[in-house]
Every structure is written in C-alpha cells, then in structure tokens.
Amino acid sequence: FIAKDVLKDFFADNITQESITTRIFEYVQRRYGVGEEELKSSKRNAEIIAARHCAIYLIRETTNLSQKAIAKLFNKKDHTTVMNSLSVITKKMREEPAFEKEIQNIILELRS
C-alpha cells in the first residue's frame, strides 16, 4: 500500500474523481469568480447560476458520477438541476463555437 500511495502521483491514470472535482471548482472560481460554497448554495443570481451550470457540465463529462451523485455534490434534492445545467451548456455550445472549444479544452486539461 505504501508504494502504491507514493507512486500514484506519478501516473495520470490514477486521477481520482475527487481530485477532478476539486480542479473543476478551482477552475470555475478563477473563470467566474464564484467559490465552491456559492456553487453549492441555493443562491440564484446570474453569475452563480452560469458558474454552477459550467461546473456541473464539466463534472458530468469528466467523471463517472451519476446525475444523482452530482446533485448531492451540489446540495440539491434531486437530479433535475443537473439535467437543466447539462441542457443549458449543451445549447450554449451549439450556439457559440468559441464556448464549445473552451469547454472541450478544459475537459482535455482536466483529463490529463
């Protein structure tokens, strides 16, 4: 177990879902200026909603977490918030190629 713990940092394949979600929250804070606590809160101003949509989409695309698990991560009662976020981001990506490229680049970076 000790060798495994020491070596895990040297292999990208061992990136955990928890480390990916942490990186996503950090990215969203830098990009949108919205912290993890605000993302998980029930606040509904436009800046927080946009950041929350992005974070949820990125988590869904880069982890194996179910919509229900993602909802729980964001302190939501059910997965409808997750479904809505995925829909909003997918639509925005269809309408704005530059945004789609940005999201795809972020996903590649998170997976490496």
# chains A, B, ... in the order shown; residues from 1 in each chain; ligands from 1

call {"tool": "residues_around", "arguments": {"residues": "Thr63 in chain A", "least_positions_apart": "2", "cutoff": "8 Å", "atoms": "only C-alpha atoms", "output": "count of residues only"}}
result
6

call {"tool": "select_by_dssp", "arguments": {"residues": "chain A", "states": "alpha helix (DSSP H)", "output": "VMD selection string"}}
result
chain A and resid 2 to 7 17 to 32 36 to 40 46 to 62 67 to 73 80 to 95 97 to 111

call {"tool": "closest_residue", "arguments": {"among": "A:Asn105, A:Ser42, A:Ser66, A:Thr22", "to": "Met83 in chain A", "atoms": "only C-alpha atoms"}}
result
A:Ser66

call {"tool": "closest_residue", "arguments": {"among": "A:Arg111, A:Lys43, A:Arg94, A:Lys68", "to": "Thr21 in chain A", "atoms": "only C-alpha atoms"}}
result
A:Arg111

call {"tool": "residues_around", "arguments": {"residues": "range 101-104 of chain A", "least_positions_apart": "6", "cutoff": "10 Å", "atoms": "only C-alpha atoms", "output": "ChimeraX atom specification"}}
result
/A:54,57-58,61,89,93,110

call {"tool": "atom_distance", "arguments": {"atom1": "CA of Ala71 in chain A", "atom2": "CA of Gly35 in chain A"}}
result
17.0 Å

call {"tool": "closest_residue", "arguments": {"among": "A:Thr80, A:Asn45, A:Ser112, A:Thr62", "to": "Glu18 in chain A", "atoms": "only C-alpha atoms"}}
result
A:Thr62

call {"tool": "decode", "arguments": {"residues": "range 78-94 of chain A", "atoms": "all heavy atoms", "output": "CSV table (one decimal), in the first residue's frame"}}
result
chain,number,residue,atom,x,y,z
A,78,ASP,N,-32.6,16.8,-5.9
A,78,ASP,CA,-32.7,15.7,-7.0
A,78,ASP,C,-31.9,16.1,-8.2
A,78,ASP,O,-31.3,17.2,-8.2
A,78,ASP,CB,-34.2,15.5,-7.3
A,78,ASP,CG,-34.9,16.7,-7.9
A,78,ASP,OD1,-34.3,17.5,-8.7
A,78,ASP,OD2,-36.0,17.0,-7.5
A,79,HIS,N,-32.0,15.3,-9.2
A,79,HIS,CA,-31.1,15.5,-10.3
A,79,HIS,C,-31.6,16.5,-11.4
A,79,HIS,O,-31.0,16.7,-12.4
A,79,HIS,CB,-30.8,14.1,-11.0
A,79,HIS,CG,-32.0,13.5,-11.6
A,79,HIS,ND1,-33.0,12.9,-10.9
A,79,HIS,CD2,-32.4,13.4,-12.9
A,79,HIS,CE1,-33.9,12.5,-11.7
A,79,HIS,NE2,-33.6,12.8,-12.9
A,80,THR,N,-32.8,17.1,-11.2
A,80,THR,CA,-33.3,18.0,-12.2
A,80,THR,C,-32.4,19.2,-12.4
A,80,THR,O,-32.3,19.7,-13.5
A,80,THR,CB,-34.7,18.4,-11.8
A,80,THR,OG1,-34.7,19.0,-10.5
A,80,THR,CG2,-35.7,17.3,-11.9
A,81,THR,N,-31.7,19.7,-11.4
A,81,THR,CA,-30.8,20.8,-11.5
A,81,THR,C,-29.7,20.4,-12.4
A,81,THR,O,-29.2,21.1,-13.3
A,81,THR,CB,-30.2,21.2,-10.1
A,81,THR,OG1,-31.3,21.7,-9.3
A,81,THR,CG2,-29.2,22.3,-10.3
A,82,VAL,N,-29.2,19.1,-12.3
A,82,VAL,CA,-28.1,18.6,-13.1
A,82,VAL,C,-28.6,18.5,-14.6
A,82,VAL,O,-27.9,19.0,-15.5
A,82,VAL,CB,-27.6,17.3,-12.6
A,82,VAL,CG1,-26.6,16.7,-13.6
A,82,VAL,CG2,-27.0,17.4,-11.2
A,83,MET,N,-29.8,18.0,-14.8
A,83,MET,CA,-30.3,17.8,-16.1
A,83,MET,C,-30.5,19.2,-16.8
A,83,MET,O,-30.1,19.4,-18.0
A,83,MET,CB,-31.7,17.2,-16.1
A,83,MET,CG,-31.6,15.7,-15.7
A,83,MET,SD,-33.3,14.9,-15.5
A,83,MET,CE,-34.2,15.4,-16.9
A,84,ASN,N,-31.0,20.2,-16.1
A,84,ASN,CA,-31.1,21.5,-16.6
A,84,ASN,C,-29.7,22.1,-17.0
A,84,ASN,O,-29.6,22.7,-18.0
A,84,ASN,CB,-31.8,22.4,-15.6
A,84,ASN,CG,-32.0,23.8,-16.1
A,84,ASN,OD1,-32.6,24.0,-17.2
A,84,ASN,ND2,-31.5,24.8,-15.4
A,85,SER,N,-28.8,22.0,-16.1
A,85,SER,CA,-27.4,22.5,-16.4
A,85,SER,C,-26.8,21.9,-17.6
A,85,SER,O,-26.2,22.6,-18.4
A,85,SER,CB,-26.5,22.2,-15.2
A,85,SER,OG,-26.9,23.0,-14.1
A,86,LEU,N,-27.0,20.6,-17.8
A,86,LEU,CA,-26.4,19.9,-18.9
A,86,LEU,C,-27.1,20.4,-20.2
A,86,LEU,O,-26.4,20.7,-21.2
A,86,LEU,CB,-26.6,18.4,-18.8
A,86,LEU,CG,-25.9,17.7,-17.7
A,86,LEU,CD1,-26.3,16.2,-17.6
A,86,LEU,CD2,-24.4,17.9,-17.7
A,87,SER,N,-28.4,20.6,-20.1
A,87,SER,CA,-29.2,21.2,-21.3
A,87,SER,C,-28.7,22.6,-21.6
A,87,SER,O,-28.5,22.9,-22.8
A,87,SER,CB,-30.6,21.1,-20.9
A,87,SER,OG,-31.4,21.7,-22.0
A,88,VAL,N,-28.6,23.4,-20.6
A,88,VAL,CA,-28.2,24.8,-20.9
A,88,VAL,C,-26.8,24.9,-21.5
A,88,VAL,O,-26.6,25.6,-22.5
A,88,VAL,CB,-28.2,25.6,-19.5
A,88,VAL,CG1,-27.5,27.0,-19.7
A,88,VAL,CG2,-29.6,25.8,-19.1
A,89,ILE,N,-25.8,24.1,-21.0
A,89,ILE,CA,-24.5,24.2,-21.5
A,89,ILE,C,-24.4,23.6,-22.9
A,89,ILE,O,-23.7,24.1,-23.8
A,89,ILE,CB,-23.5,23.5,-20.6
A,89,ILE,CG1,-23.4,24.3,-19.2
A,89,ILE,CG2,-22.1,23.4,-21.2
A,89,ILE,CD1,-22.8,25.7,-19.3
A,90,THR,N,-25.1,22.5,-23.1
A,90,THR,CA,-25.1,21.9,-24.5
A,90,THR,C,-25.7,22.8,-25.5
A,90,THR,O,-25.1,23.0,-26.6
A,90,THR,CB,-26.0,20.6,-24.4
A,90,THR,OG1,-25.4,19.7,-23.5
A,90,THR,CG2,-26.0,19.9,-25.8
A,91,LYS,N,-26.8,23.5,-25.1
A,91,LYS,CA,-27.4,24.5,-26.1
A,91,LYS,C,-26.4,25.7,-26.3
A,91,LYS,O,-26.2,26.1,-27.5
A,91,LYS,CB,-28.7,25.1,-25.4
A,91,LYS,CG,-29.4,26.1,-26.3
A,91,LYS,CD,-30.7,26.5,-25.7
A,91,LYS,CE,-31.4,27.4,-26.7
A,91,LYS,NZ,-31.9,28.6,-26.1
A,92,LYS,N,-25.7,26.2,-25.3
A,92,LYS,CA,-24.8,27.3,-25.5
A,92,LYS,C,-23.6,26.8,-26.3
A,92,LYS,O,-23.1,27.6,-27.2
A,92,LYS,CB,-24.3,27.7,-24.1
A,92,LYS,CG,-23.4,29.0,-24.2
A,92,LYS,CD,-23.1,29.6,-22.8
A,92,LYS,CE,-22.2,30.8,-23.0
A,92,LYS,NZ,-21.9,31.4,-21.7
A,93,MET,N,-23.2,25.6,-26.2
A,93,MET,CA,-22.1,25.1,-27.0
A,93,MET,C,-22.5,25.0,-28.5
A,93,MET,O,-21.7,25.3,-29.4
A,93,MET,CB,-21.6,23.7,-26.5
A,93,MET,CG,-20.8,23.8,-25.2
A,93,MET,SD,-20.5,22.2,-24.4
A,93,MET,CE,-19.6,21.4,-25.7
A,94,ARG,N,-23.7,24.6,-28.7
A,94,ARG,CA,-24.2,24.6,-30.1
A,94,ARG,C,-24.3,26.0,-30.7
A,94,ARG,O,-24.0,26.1,-31.9
A,94,ARG,CB,-25.6,23.9,-30.2
A,94,ARG,CG,-25.7,22.5,-30.3
A,94,ARG,CD,-27.0,21.9,-30.7
A,94,ARG,NE,-28.1,22.5,-30.0
A,94,ARG,CZ,-28.7,22.0,-28.9
A,94,ARG,NH1,-28.3,20.9,-28.4
A,94,ARG,NH2,-29.7,22.6,-28.3
